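Printed here is final.cif (mmCIF, C-alpha atoms):
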data_query
loop_
_atom_site.label_atom_id
_atom_site.label_comp_id
_atom_site.auth_asym_id
_atom_site.auth_seq_id
_atom_site.Cartn_x
_atom_site.Cartn_y
_atom_site.Cartn_z
CA GLY A 1 12.73 -18.20 25.37
CA THR A 2 15.19 -17.04 28.04
CA ARG A 3 18.10 -19.21 29.23
CA ASP A 4 18.73 -20.00 32.85
CA PRO A 5 22.18 -18.61 33.78
CA THR A 6 22.62 -21.18 36.56
CA ARG A 7 22.22 -24.03 34.08
CA MET A 8 24.72 -22.41 31.73
CA VAL A 9 27.26 -22.11 34.55
CA GLY A 10 26.69 -25.76 35.51
CA ARG A 11 27.27 -26.92 31.92
CA GLN A 12 30.47 -24.91 31.62
CA GLY A 13 31.75 -26.31 34.91
CA THR A 14 31.03 -29.87 33.75
CA MET A 15 32.85 -29.27 30.46
CA ARG A 16 35.87 -27.93 32.33
CA ARG A 17 35.96 -30.98 34.62
CA VAL A 18 35.81 -33.32 31.63
CA SER A 19 38.64 -31.46 29.88
CA VAL A 20 40.83 -31.55 33.02
CA LEU A 21 40.16 -35.27 33.48
CA ALA A 22 41.11 -35.94 29.87
CA ASN A 23 44.32 -33.99 30.24
CA VAL A 24 45.25 -35.86 33.44
CA THR A 25 44.61 -39.15 31.66
CA LEU A 26 46.85 -38.00 28.80
CA GLY A 27 49.62 -37.14 31.26
CA LEU A 28 49.45 -40.53 32.97
CA SER A 29 49.58 -42.30 29.62
CA ILE A 30 52.69 -40.29 28.73
CA CYS A 31 54.29 -41.32 32.03
CA ILE A 32 53.57 -44.98 31.34
CA ILE A 33 55.15 -44.74 27.90
CA LEU A 34 58.25 -43.05 29.31
CA LEU A 35 58.65 -45.68 32.04
CA LYS A 36 58.30 -48.41 29.45
CA TYR A 37 61.23 -47.04 27.47
CA GLY A 38 63.61 -46.84 30.46
CA LEU A 39 63.50 -43.27 31.70
CA PRO A 40 63.88 -42.66 35.45
CA SER A 41 60.67 -42.82 37.41
CA ALA A 42 61.17 -39.42 39.12
CA GLU A 43 61.87 -37.64 35.87
CA SER A 44 58.96 -39.33 34.11
CA ALA A 45 56.56 -38.49 36.94
CA LEU A 46 57.72 -34.89 36.98
CA LEU A 47 57.41 -34.62 33.17
CA GLY A 48 53.96 -36.22 33.21
CA SER A 49 52.74 -33.87 35.92
CA ARG A 50 54.07 -30.85 34.02
CA VAL A 51 52.41 -31.93 30.76
CA ALA A 52 49.12 -32.56 32.52
CA SER A 53 49.19 -29.20 34.29
CA THR A 54 50.07 -27.23 31.12
CA THR A 55 47.45 -29.00 28.99
CA SER A 56 44.80 -28.47 31.67
CA MET A 57 45.66 -24.76 31.93
CA ARG A 58 45.50 -24.39 28.13
CA SER A 59 42.13 -26.13 27.95
CA VAL A 60 40.70 -23.88 30.70
CA ALA A 61 42.06 -20.79 28.95
CA VAL A 62 40.60 -21.88 25.61
CA GLY A 63 37.26 -22.63 27.27
CA ALA A 64 37.20 -19.20 28.92
CA GLU A 65 38.02 -17.46 25.64
CA ALA A 66 35.35 -19.39 23.73
CA GLU A 67 32.57 -18.43 26.11
CA ARG A 68 31.74 -15.17 24.34
CA PHE A 69 31.50 -14.07 20.75
CA ARG A 70 33.96 -11.39 19.78
CA LEU A 71 34.60 -9.54 16.53
CA ALA A 72 37.91 -11.36 16.35
CA ASN A 73 36.40 -14.88 16.52
CA LEU A 74 33.30 -14.44 14.35
CA GLN A 75 33.24 -16.81 11.39
CA PRO A 76 30.64 -18.58 9.24
CA GLN A 77 29.24 -21.90 10.36
CA PRO A 78 30.94 -24.94 8.85
CA GLY A 79 29.24 -25.87 5.57
CA SER A 80 27.43 -22.58 5.13
CA THR A 81 29.91 -21.18 2.59
CA HIS A 82 31.14 -22.82 -0.60
CA ARG A 83 33.88 -22.05 -3.01
CA ARG A 84 33.07 -20.67 -6.45
CA ARG A 85 32.16 -23.36 -8.99
CA ARG A 86 34.65 -23.39 -11.87
CA LEU A 87 32.68 -23.74 -15.11
CA GLY A 88 34.02 -25.23 -18.31
CA ARG A 89 36.94 -27.05 -16.68
CA GLY A 90 36.02 -30.60 -17.63
CA TYR A 91 33.24 -32.97 -16.63
CA SER A 92 35.05 -34.09 -13.51
CA ALA A 93 34.77 -30.52 -12.15
CA GLY A 94 30.97 -30.78 -12.16
CA GLN A 95 30.05 -28.20 -14.82
CA GLY A 96 32.14 -28.95 -17.89
CA GLY A 97 31.17 -28.77 -21.56
CA SER A 98 28.16 -26.47 -21.94
CA CYS A 99 28.48 -25.24 -18.33
CA GLY A 100 24.80 -25.91 -17.60
CA LYS A 101 23.53 -23.48 -20.28
CA GLY A 102 22.46 -26.04 -22.88
CA MET A 103 23.81 -26.73 -26.33
CA ARG A 104 22.97 -23.71 -28.50
CA GLY A 105 20.91 -20.55 -28.51
CA GLN A 106 21.02 -16.94 -27.50
CA ASN A 107 20.96 -17.71 -23.78
CA SER A 108 23.94 -20.06 -24.03
CA ARG A 109 26.30 -17.40 -25.40
CA SER A 110 28.46 -15.17 -23.26
CA GLY A 111 26.58 -11.96 -22.64
CA GLY A 112 23.45 -13.55 -24.08
CA GLY A 113 19.85 -13.03 -23.08
CA VAL A 114 17.24 -10.40 -23.85
CA ARG A 115 16.17 -7.27 -22.05
CA THR A 116 13.44 -7.26 -19.43
CA GLY A 117 9.98 -7.25 -21.00
CA PHE A 118 11.10 -8.54 -24.42
CA GLU A 119 8.73 -11.20 -25.79
CA GLY A 120 10.49 -12.30 -28.96
CA GLY A 121 9.25 -9.52 -31.22
CA GLN A 122 5.53 -9.61 -30.49
CA THR A 123 3.87 -6.63 -28.88
CA PRO A 124 4.98 -6.83 -25.23
CA LEU A 125 2.65 -6.57 -22.29
CA TYR A 126 3.66 -3.05 -21.32
CA ARG A 127 2.61 -1.88 -24.81
CA ARG A 128 -0.56 -3.95 -25.02
CA LEU A 129 -2.08 -2.48 -21.87
CA PRO A 130 -4.00 0.81 -22.11
CA LYS A 131 -2.25 3.92 -20.85
CA TYR A 132 -3.73 6.36 -18.38
CA PRO A 133 -2.81 10.05 -18.20
CA GLY A 134 -0.81 11.48 -15.34
CA LYS A 135 1.74 9.58 -13.34
CA PRO A 136 2.87 6.20 -14.73
CA MET A 137 1.65 4.26 -11.68
CA GLY A 138 -0.67 6.87 -10.17
CA PRO A 139 -4.33 7.82 -10.59
CA GLY A 140 -3.68 10.36 -13.35
CA HIS A 141 -5.35 13.71 -13.77
CA GLN A 142 -9.12 14.16 -13.63
CA TYR A 143 -10.86 14.90 -16.91
CA THR A 144 -14.30 16.50 -16.61
CA ARG A 145 -16.55 15.73 -19.57
CA PHE A 146 -19.35 18.25 -20.14
CA GLY A 147 -22.44 18.07 -22.28
CA VAL A 148 -22.34 20.97 -24.78
CA ILE A 149 -25.04 23.67 -24.90
CA LYS A 150 -24.47 25.88 -27.92
CA LEU A 151 -25.22 29.57 -27.80
CA ASP A 152 -27.60 29.22 -30.76
CA TYR A 153 -29.89 26.98 -28.71
CA LEU A 154 -30.60 29.87 -26.33
CA ASN A 155 -32.12 31.97 -29.16
CA GLN A 156 -35.09 29.59 -29.29
CA MET A 157 -36.07 30.34 -25.69
CA PRO A 158 -38.36 33.29 -24.78
CA ASP A 159 -36.83 36.51 -23.49
CA GLY A 160 -36.45 36.87 -19.73
CA SER A 161 -36.79 33.13 -19.06
CA VAL A 162 -34.68 30.82 -16.91
CA VAL A 163 -32.80 28.41 -19.16
CA ASP A 164 -31.13 25.16 -18.13
CA PHE A 165 -30.73 21.76 -19.74
CA PRO A 166 -34.13 20.32 -18.65
CA ALA A 167 -35.86 23.46 -20.00
CA LEU A 168 -34.13 23.00 -23.38
CA VAL A 169 -35.16 19.34 -23.47
CA ASP A 170 -38.80 20.24 -22.63
CA ALA A 171 -38.78 22.85 -25.42
CA ARG A 172 -37.43 20.15 -27.81
CA VAL A 173 -34.39 22.26 -28.58
CA MET A 174 -32.03 19.53 -27.35
CA THR A 175 -32.23 15.82 -26.75
CA ASP A 176 -31.02 13.94 -23.69
CA THR A 177 -27.27 13.46 -23.30
CA LYS A 178 -25.24 10.86 -21.46
CA GLU A 179 -23.42 13.59 -19.50
CA ASN A 180 -25.00 14.78 -16.28
CA ILE A 181 -23.25 18.17 -16.29
CA HIS A 182 -23.37 20.75 -19.11
CA LYS A 183 -21.37 23.73 -20.32
CA VAL A 184 -22.44 26.67 -22.51
CA LEU A 185 -20.08 27.28 -25.44
CA GLY A 186 -20.00 30.23 -27.80
CA GLY A 187 -21.23 29.38 -31.29
CA GLY A 188 -23.07 31.97 -33.39
CA GLU A 189 -24.78 35.14 -32.19
CA LEU A 190 -27.11 35.47 -29.20
CA THR A 191 -30.33 37.38 -29.90
CA ALA A 192 -32.43 36.47 -26.84
CA LYS A 193 -32.59 39.12 -24.12
CA ASP A 194 -32.46 38.98 -20.32
CA LEU A 195 -31.90 35.25 -20.02
CA THR A 196 -30.89 33.55 -16.78
CA VAL A 197 -28.73 30.60 -17.78
CA ARG A 198 -28.12 27.84 -15.24
CA ALA A 199 -25.28 25.46 -16.12
CA HIS A 200 -22.13 23.88 -14.72
CA GLY A 201 -19.78 25.94 -16.90
CA ILE A 202 -19.58 28.62 -19.56
CA SER A 203 -16.87 29.84 -21.90
CA GLU A 204 -15.58 33.40 -21.87
CA SER A 205 -17.06 34.28 -25.27
CA ALA A 206 -20.48 32.90 -24.30
CA LEU A 207 -20.44 34.81 -21.00
CA LYS A 208 -19.59 38.08 -22.75
CA ALA A 209 -22.42 37.61 -25.26
CA LEU A 210 -24.88 36.74 -22.48
CA GLU A 211 -24.00 39.76 -20.37
CA ALA A 212 -24.10 42.04 -23.42
CA ASN A 213 -27.78 41.10 -23.93
CA GLY A 214 -28.68 41.73 -20.30
CA GLY A 215 -28.54 38.14 -19.16
CA LYS A 216 -26.78 36.49 -16.24
CA PHE A 217 -25.21 33.15 -15.48
CA GLU A 218 -25.80 30.91 -12.43
CA GLN A 219 -23.09 28.38 -11.62
CA LEU A 220 -24.29 24.88 -10.71
CA PRO A 221 -22.13 22.53 -8.61
CA ILE A 222 -19.93 20.21 -10.62
CA ARG A 223 -20.60 16.68 -9.43
CA LYS A 224 -20.22 13.43 -11.31
CA HIS A 225 -23.76 12.24 -10.57
CA TYR A 226 -25.55 15.58 -10.59
CA SER A 227 -29.36 15.66 -10.79
CA TYR A 228 -31.40 18.68 -11.89
CA GLU A 229 -34.35 17.48 -9.84
CA VAL A 230 -34.63 19.43 -6.63
CA LYS A 231 -35.25 17.02 -3.79
CA GLU A 232 -36.93 18.20 -0.65
CA LYS A 233 -34.66 17.97 2.32
CA LYS A 234 -35.80 15.80 5.16
CA PRO A 235 -36.39 17.67 8.42
CA LEU A 236 -33.58 17.31 10.90
CA HIS A 237 -34.09 15.24 14.01
CA PRO A 238 -34.80 17.36 17.12
CA ARG A 239 -31.64 16.00 18.78
CA ASN A 240 -29.44 16.76 15.78
CA LYS A 241 -26.76 19.32 16.56
CA LYS A 242 -27.47 21.21 13.31
CA ASN A 243 -31.14 21.69 14.16
CA LYS A 244 -30.94 25.18 15.71
CA GLU A 245 -34.70 25.73 15.82
CA ALA A 246 -35.22 22.58 17.88
CA LYS A 247 -32.50 23.75 20.27
CA LYS A 248 -34.30 27.04 20.80
CA VAL A 249 -37.60 25.24 21.49
CA MET A 250 -35.94 22.84 23.93
CA ALA A 251 -34.23 25.73 25.72
CA ALA A 252 -37.56 27.58 26.02
CA ASN A 253 -39.28 24.50 27.43
CA ARG A 254 -36.56 24.11 30.04
CA LYS A 255 -37.19 27.61 31.30
#

For the file at hand, write its structure as C-alpha coordinates.
Amino acid sequence: GTRDPTRMVGRQGTMRRVSVLANVTLGLSICIILLKYGLPSAESALLGSRVASTTSMRSVAVGAEAERFRLANLQPQPGSTHRRRRLGRGYSAGQGGSCGKGMRGQNSRSGGGVRTGFEGGQTPLYRRLPKYPGKPMGPGHQYTRFGVIKLDYLNQMPDGSVVDFPALVDARVMTDTKENIHKVLGGGELTAKDLTVRAHGISESALKALEANGGKFEQLPIRKHYSYEVKEKKPLHPRNKKNKEAKKVMAANRK
(Lines of atoms letter the chains of each structure in order from A and count residues from 1; the text may use other names and numbers.)
(Lines give C-alpha, C1' and ligand atoms only; values in the text may rest on other atoms or scores of the structure.)
Protein backbone atom coordinates (compact mmCIF):
# COMPACT_ATOMS: atom_id res chain seq x y z
CA GLY A 1 0.00 0.00 0.00
CA THR A 2 0.98 3.67 -0.23
CA ARG A 3 2.18 5.66 2.80
CA ASP A 4 0.67 8.93 3.85
CA PRO A 5 3.41 11.61 3.69
CA THR A 6 1.68 13.74 6.34
CA ARG A 7 1.83 10.87 8.84
CA MET A 8 5.50 10.32 8.06
CA VAL A 9 6.25 14.00 8.67
CA GLY A 10 4.31 13.88 11.96
CA ARG A 11 6.29 10.85 13.15
CA GLN A 12 9.60 12.47 12.29
CA GLY A 13 8.62 15.64 14.12
CA THR A 14 7.66 13.64 17.21
CA MET A 15 10.97 11.76 17.16
CA ARG A 16 12.86 15.04 16.93
CA ARG A 17 10.96 16.50 19.89
CA VAL A 18 11.72 13.40 21.97
CA SER A 19 15.42 13.57 21.10
CA VAL A 20 15.61 17.29 21.97
CA LEU A 21 13.83 16.69 25.29
CA ALA A 22 16.25 13.88 26.14
CA ASN A 23 19.22 16.08 25.35
CA VAL A 24 17.87 18.93 27.51
CA THR A 25 17.36 16.48 30.36
CA LEU A 26 20.94 15.27 29.93
CA GLY A 27 22.22 18.85 30.08
CA LEU A 28 20.29 19.62 33.28
CA SER A 29 21.62 16.46 34.90
CA ILE A 30 25.16 17.52 34.00
CA CYS A 31 24.53 20.93 35.57
CA ILE A 32 23.30 19.32 38.78
CA ILE A 33 26.40 17.13 38.98
CA LEU A 34 28.69 20.12 38.43
CA LEU A 35 26.93 22.17 41.12
CA LYS A 36 27.22 19.27 43.51
CA TYR A 37 30.99 19.18 43.12
CA GLY A 38 31.49 22.92 43.79
CA LEU A 39 31.74 24.61 40.41
CA PRO A 40 30.32 28.14 40.06
CA SER A 41 26.65 28.29 39.21
CA ALA A 42 27.12 30.64 36.22
CA GLU A 43 29.81 28.49 34.68
CA SER A 44 27.85 25.29 35.27
CA ALA A 45 24.68 26.76 33.77
CA LEU A 46 26.58 28.01 30.76
CA LEU A 47 28.32 24.63 30.29
CA GLY A 48 25.04 22.75 30.68
CA SER A 49 23.30 24.95 28.13
CA ARG A 50 26.16 24.50 25.66
CA VAL A 51 26.15 20.70 26.06
CA ALA A 52 22.40 20.57 25.63
CA SER A 53 22.47 22.75 22.51
CA THR A 54 25.32 20.79 20.86
CA THR A 55 23.77 17.40 21.62
CA SER A 56 20.38 18.56 20.33
CA MET A 57 21.96 19.88 17.11
CA ARG A 58 23.83 16.59 16.60
CA SER A 59 20.69 14.54 17.14
CA VAL A 60 18.74 16.66 14.63
CA ALA A 61 21.57 16.36 12.10
CA VAL A 62 21.76 12.59 12.57
CA GLY A 63 17.98 12.32 12.23
CA ALA A 64 18.03 14.36 9.02
CA GLU A 65 20.82 12.23 7.55
CA ALA A 66 19.07 8.97 8.46
CA GLU A 67 15.84 9.90 6.71
CA ARG A 68 16.93 8.59 3.31
CA PHE A 69 18.85 5.58 2.10
CA ARG A 70 22.08 6.39 0.34
CA LEU A 71 24.73 4.24 -1.29
CA ALA A 72 27.05 5.29 1.50
CA ASN A 73 24.77 4.08 4.34
CA LEU A 74 23.44 0.83 2.86
CA GLN A 75 24.25 -2.19 5.00
CA PRO A 76 22.72 -5.60 5.77
CA GLN A 77 20.12 -5.91 8.47
CA PRO A 78 21.46 -6.98 11.86
CA GLY A 79 21.47 -10.78 12.10
CA SER A 80 21.09 -11.40 8.39
CA THR A 81 24.78 -12.17 7.80
CA HIS A 82 26.96 -14.64 9.67
CA ARG A 83 30.63 -15.30 9.78
CA ARG A 84 32.06 -18.40 8.11
CA ARG A 85 31.88 -21.51 10.28
CA ARG A 86 35.37 -22.84 11.05
CA LEU A 87 35.28 -26.62 10.65
CA GLY A 88 37.60 -29.03 12.41
CA ARG A 89 38.69 -26.59 15.13
CA GLY A 90 37.45 -28.51 18.15
CA TYR A 91 34.03 -29.40 19.51
CA SER A 92 33.64 -26.06 21.24
CA ALA A 93 33.69 -24.35 17.82
CA GLY A 94 30.50 -26.19 16.82
CA GLN A 95 31.78 -28.44 14.02
CA GLY A 96 34.85 -30.25 15.33
CA GLY A 97 35.94 -33.84 14.75
CA SER A 98 34.28 -35.15 11.57
CA CYS A 99 33.06 -31.65 10.62
CA GLY A 100 29.49 -32.87 10.06
CA LYS A 101 30.45 -35.33 7.29
CA GLY A 102 30.20 -38.55 9.29
CA MET A 103 32.86 -41.03 10.29
CA ARG A 104 34.07 -42.73 7.09
CA GLY A 105 33.24 -43.12 3.44
CA GLN A 106 33.79 -41.52 0.09
CA ASN A 107 31.66 -38.48 0.90
CA SER A 108 33.60 -37.74 4.08
CA ARG A 109 36.94 -37.32 2.30
CA SER A 110 38.23 -34.04 0.97
CA GLY A 111 37.24 -33.79 -2.67
CA GLY A 112 34.97 -36.80 -2.23
CA GLY A 113 31.65 -37.53 -3.86
CA VAL A 114 30.61 -38.92 -7.22
CA ARG A 115 29.67 -37.29 -10.48
CA THR A 116 26.11 -36.31 -11.31
CA GLY A 117 24.06 -39.28 -12.49
CA PHE A 118 26.35 -41.95 -10.99
CA GLU A 119 24.38 -44.74 -9.30
CA GLY A 120 27.13 -46.86 -7.77
CA GLY A 121 28.00 -48.87 -10.85
CA GLN A 122 24.55 -50.00 -11.97
CA THR A 123 23.18 -48.83 -15.28
CA PRO A 124 22.20 -45.20 -14.63
CA LEU A 125 18.87 -43.71 -15.56
CA TYR A 126 20.16 -41.74 -18.53
CA ARG A 127 21.38 -45.03 -20.07
CA ARG A 128 18.32 -47.08 -19.15
CA LEU A 129 15.89 -44.80 -20.96
CA PRO A 130 15.31 -45.29 -24.70
CA LYS A 131 16.95 -42.81 -27.03
CA TYR A 132 15.15 -40.91 -29.76
CA PRO A 133 16.80 -39.64 -32.93
CA GLY A 134 17.39 -35.97 -33.56
CA LYS A 135 17.96 -33.40 -30.87
CA PRO A 136 18.68 -34.70 -27.35
CA MET A 137 15.62 -33.01 -25.84
CA GLY A 138 13.66 -32.30 -29.02
CA PRO A 139 11.12 -34.20 -31.11
CA GLY A 140 13.73 -35.81 -33.38
CA HIS A 141 13.47 -36.32 -37.11
CA GLN A 142 10.43 -37.89 -38.76
CA TYR A 143 10.86 -41.40 -40.11
CA THR A 144 8.31 -42.46 -42.73
CA ARG A 145 7.75 -46.21 -42.82
CA PHE A 146 6.41 -47.55 -46.13
CA GLY A 147 4.91 -50.88 -47.03
CA VAL A 148 7.02 -52.45 -49.80
CA ILE A 149 5.60 -53.32 -53.23
CA LYS A 150 8.19 -55.25 -55.22
CA LEU A 151 8.51 -54.80 -58.95
CA ASP A 152 7.95 -58.54 -59.47
CA TYR A 153 4.43 -58.26 -58.05
CA LEU A 154 3.42 -56.00 -60.95
CA ASN A 155 4.17 -58.77 -63.50
CA GLN A 156 1.16 -60.72 -62.23
CA MET A 157 -1.26 -57.93 -63.15
CA PRO A 158 -2.80 -57.67 -66.66
CA ASP A 159 -1.33 -55.23 -69.17
CA GLY A 160 -2.82 -51.74 -69.29
CA SER A 161 -4.44 -52.02 -65.84
CA VAL A 162 -4.42 -49.61 -62.92
CA VAL A 163 -2.39 -51.12 -60.09
CA ASP A 164 -2.41 -50.05 -56.45
CA PHE A 165 -2.18 -51.89 -53.15
CA PRO A 166 -5.90 -52.81 -52.87
CA ALA A 167 -5.80 -54.20 -56.43
CA LEU A 168 -2.81 -56.39 -55.53
CA VAL A 169 -4.60 -57.63 -52.41
CA ASP A 170 -7.76 -58.45 -54.42
CA ALA A 171 -5.63 -60.37 -56.96
CA ARG A 172 -4.05 -62.30 -54.03
CA VAL A 173 -0.60 -61.14 -55.05
CA MET A 174 -0.01 -59.48 -51.67
CA THR A 175 -1.48 -59.75 -48.21
CA ASP A 176 -2.53 -56.89 -45.96
CA THR A 177 0.21 -54.88 -44.27
CA LYS A 178 0.26 -52.83 -41.10
CA GLU A 179 1.49 -49.77 -43.03
CA ASN A 180 -1.11 -47.51 -44.59
CA ILE A 181 1.25 -46.07 -47.22
CA HIS A 182 3.27 -48.08 -49.77
CA LYS A 183 6.32 -47.63 -51.97
CA VAL A 184 7.34 -49.48 -55.15
CA LEU A 185 10.91 -50.78 -55.04
CA GLY A 186 12.96 -52.23 -57.87
CA GLY A 187 13.48 -55.98 -57.56
CA GLY A 188 13.73 -58.18 -60.66
CA GLU A 189 12.57 -57.35 -64.19
CA LEU A 190 9.24 -55.80 -65.17
CA THR A 191 7.47 -57.56 -68.05
CA ALA A 192 3.95 -56.07 -67.79
CA LYS A 193 3.16 -53.30 -70.28
CA ASP A 194 1.32 -49.99 -70.00
CA LEU A 195 0.63 -50.16 -66.28
CA THR A 196 -0.64 -47.21 -64.26
CA VAL A 197 0.85 -47.60 -60.80
CA ARG A 198 -0.68 -45.65 -57.92
CA ALA A 199 1.46 -45.51 -54.77
CA HIS A 200 2.91 -43.12 -52.21
CA GLY A 201 6.50 -43.51 -53.45
CA ILE A 202 8.72 -45.22 -55.99
CA SER A 203 12.45 -45.74 -56.32
CA GLU A 204 14.46 -44.44 -59.26
CA SER A 205 15.19 -47.91 -60.67
CA ALA A 206 11.52 -48.94 -60.45
CA LEU A 207 10.40 -45.72 -62.16
CA LYS A 208 12.86 -46.22 -65.01
CA ALA A 209 11.68 -49.80 -65.56
CA LEU A 210 8.03 -48.72 -65.46
CA GLU A 211 8.50 -45.91 -67.98
CA ALA A 212 10.57 -48.17 -70.25
CA ASN A 213 7.55 -50.52 -70.57
CA GLY A 214 5.16 -47.69 -71.36
CA GLY A 215 3.73 -47.30 -67.89
CA LYS A 216 3.26 -44.27 -65.68
CA PHE A 217 3.26 -43.50 -62.00
CA GLU A 218 0.64 -41.56 -59.99
CA GLN A 219 1.77 -40.06 -56.69
CA LEU A 220 -0.61 -40.49 -53.75
CA PRO A 221 -0.53 -38.10 -50.77
CA ILE A 222 1.67 -39.24 -47.92
CA ARG A 223 -0.44 -39.18 -44.76
CA LYS A 224 -0.05 -41.23 -41.63
CA HIS A 225 -3.65 -42.48 -41.63
CA TYR A 226 -4.21 -42.71 -45.37
CA SER A 227 -7.21 -44.65 -46.70
CA TYR A 228 -7.52 -46.00 -50.24
CA GLU A 229 -11.29 -45.84 -50.02
CA VAL A 230 -12.62 -42.83 -51.86
CA LYS A 231 -15.21 -41.12 -49.72
CA GLU A 232 -17.86 -38.98 -51.29
CA LYS A 233 -17.55 -35.39 -50.25
CA LYS A 234 -20.50 -33.88 -48.50
CA PRO A 235 -22.12 -30.99 -50.38
CA LEU A 236 -21.17 -27.60 -49.05
CA HIS A 237 -23.71 -25.55 -47.18
CA PRO A 238 -25.28 -22.80 -49.32
CA ARG A 239 -23.90 -20.14 -46.97
CA ASN A 240 -20.37 -21.55 -47.05
CA LYS A 241 -17.87 -19.14 -48.57
CA LYS A 242 -16.31 -21.92 -50.67
CA ASN A 243 -19.63 -22.83 -52.30
CA LYS A 244 -19.31 -20.74 -55.49
CA GLU A 245 -22.30 -22.31 -57.24
CA ALA A 246 -24.61 -21.37 -54.37
CA LYS A 247 -23.26 -17.81 -54.53
CA LYS A 248 -24.13 -17.58 -58.21
CA VAL A 249 -27.67 -18.87 -57.57
CA MET A 250 -28.18 -16.43 -54.70
CA ALA A 251 -26.91 -13.54 -56.82
CA ALA A 252 -29.29 -14.50 -59.65
CA ASN A 253 -32.24 -14.67 -57.26
CA ARG A 254 -31.43 -11.21 -55.94
CA LYS A 255 -31.64 -9.77 -59.42

Using the chain letters and residue numbers of this document, give as a tab-separated table (two decimals) with C-alpha atoms, keeping the file's coordinate frame the residues selected by the PyMOL selection byres ((chain A and resi 146) around 8).
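What landed in result-v5.tsv:
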chain	number	residue	atom	x	y	z
A	144	THR	CA	-14.30	16.50	-16.61
A	145	ARG	CA	-16.55	15.73	-19.57
A	147	GLY	CA	-22.44	18.07	-22.28
A	148	VAL	CA	-22.34	20.97	-24.78
A	179	GLU	CA	-23.42	13.59	-19.50
A	180	ASN	CA	-25.00	14.78	-16.28
A	181	ILE	CA	-23.25	18.17	-16.29
A	182	HIS	CA	-23.37	20.75	-19.11
A	183	LYS	CA	-21.37	23.73	-20.32

Subject >> Nearest to A:Ile222, chosen from A:Lys193, A:Lys242, A:Arg115, A:His200, with all atoms listed in the file counted in the distances >> reply: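 Counting all atoms listed in the file, the residue closest to A:Ile222 is A:His200.
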
Original post:
Any idea what the distance is between atom CA of A:Ser161 and atom CA of A:Gly214?
Top reply: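 Interatomic distance here is 11.9 Å.
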
Subject >> Pick from A:Asn213, A:Pro238, A:Lys178, A:Arg128 nearest to A:His225, counting all atoms listed in the file >> reply: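 Ranking A:Asn213, A:Pro238, A:Lys178, A:Arg128 by distance to A:His225, first place goes to A:Lys178.
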
**OP:** Provide the atom CA of A:Ala212 to atom CA of A:Asp194 distance in Å, to one decimal place.
**Re:**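 Distance reported for this atom pair: 9.4 Å.
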
For the PyMOL selection byres ((chain A and resi 215) around 10), applied here, can you spell out every residue it catches as an mmCIF file with C-alpha atoms, in the coordinates of the input?
data_model
loop_
_atom_site.group_PDB
_atom_site.id
_atom_site.type_symbol
_atom_site.label_atom_id
_atom_site.label_comp_id
_atom_site.auth_asym_id
_atom_site.auth_seq_id
_atom_site.Cartn_x
_atom_site.Cartn_y
_atom_site.Cartn_z
ATOM 1 C CA ASP A 159 -36.830 36.510 -23.490
ATOM 2 C CA GLY A 160 -36.450 36.870 -19.730
ATOM 3 C CA SER A 161 -36.790 33.130 -19.060
ATOM 4 C CA VAL A 162 -34.680 30.820 -16.910
ATOM 5 C CA ALA A 192 -32.430 36.470 -26.840
ATOM 6 C CA LYS A 193 -32.590 39.120 -24.120
ATOM 7 C CA ASP A 194 -32.460 38.980 -20.320
ATOM 8 C CA LEU A 195 -31.900 35.250 -20.020
ATOM 9 C CA THR A 196 -30.890 33.550 -16.780
ATOM 10 C CA VAL A 197 -28.730 30.600 -17.780
ATOM 11 C CA LEU A 207 -20.440 34.810 -21.000
ATOM 12 C CA LYS A 208 -19.590 38.080 -22.750
ATOM 13 C CA ALA A 209 -22.420 37.610 -25.260
ATOM 14 C CA LEU A 210 -24.880 36.740 -22.480
ATOM 15 C CA GLU A 211 -24.000 39.760 -20.370
ATOM 16 C CA ALA A 212 -24.100 42.040 -23.420
ATOM 17 C CA ASN A 213 -27.780 41.100 -23.930
ATOM 18 C CA GLY A 214 -28.680 41.730 -20.300
ATOM 19 C CA LYS A 216 -26.780 36.490 -16.240
ATOM 20 C CA PHE A 217 -25.210 33.150 -15.480
#

Put a box with edges along x, y and z around all the listed atoms of stretch 203-213 of chain A, pad it by 3 Å on each side, then give me its centre and sizes in Å, one decimal, as lines of an AutoDock Vina configuration file.
center_x = -21.7
center_y = 35.9
center_z = -22.8
size_x = 18.2
size_y = 18.2
size_z = 10.9

Subject >> Computed interatomic separation between atom CA of A:Leu190 and atom CA of A:Asp164 (Å) >> reply: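 Atom CA of A:Asp164 lies at a distance of 15.7 Å from atom CA of A:Leu190.
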
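The residues caught by the PyMOL selection byres ((chain A and resi 100) around 12) in this file are A:Arg85, A:Arg86, A:Leu87, A:Gly88, A:Tyr91, A:Gly94, A:Gln95, A:Gly96, A:Gly97, A:Ser98, A:Cys99, A:Lys101, A:Gly102, A:Met103, A:Arg104, A:Asn107, A:Ser108, A:Arg109.
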
Within 9 Å of A:Ser205, counting all atoms listed in the file, which residues qualify if same-chain residues fewer than 6 places away don't, as a short mmCIF file (atom, residue, chain, number, x, y, z; two decimals) with C-alpha atoms, in the coordinates of the input?
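Produced file part-v7.cif, reproduced below:
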data_model
loop_
_atom_site.label_atom_id
_atom_site.label_comp_id
_atom_site.auth_asym_id
_atom_site.auth_seq_id
_atom_site.Cartn_x
_atom_site.Cartn_y
_atom_site.Cartn_z
CA LEU A 185 -20.08 27.28 -25.44
CA GLY A 186 -20.00 30.23 -27.80
CA GLY A 187 -21.23 29.38 -31.29
#

Subject >> Residue nearest A:Ser203 - candidates A:Val18, A:Val24, A:Leu151, A:Val163, atoms counted: all atoms listed in the file >> reply: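 Among the listed residues, A:Leu151 lies closest to A:Ser203.
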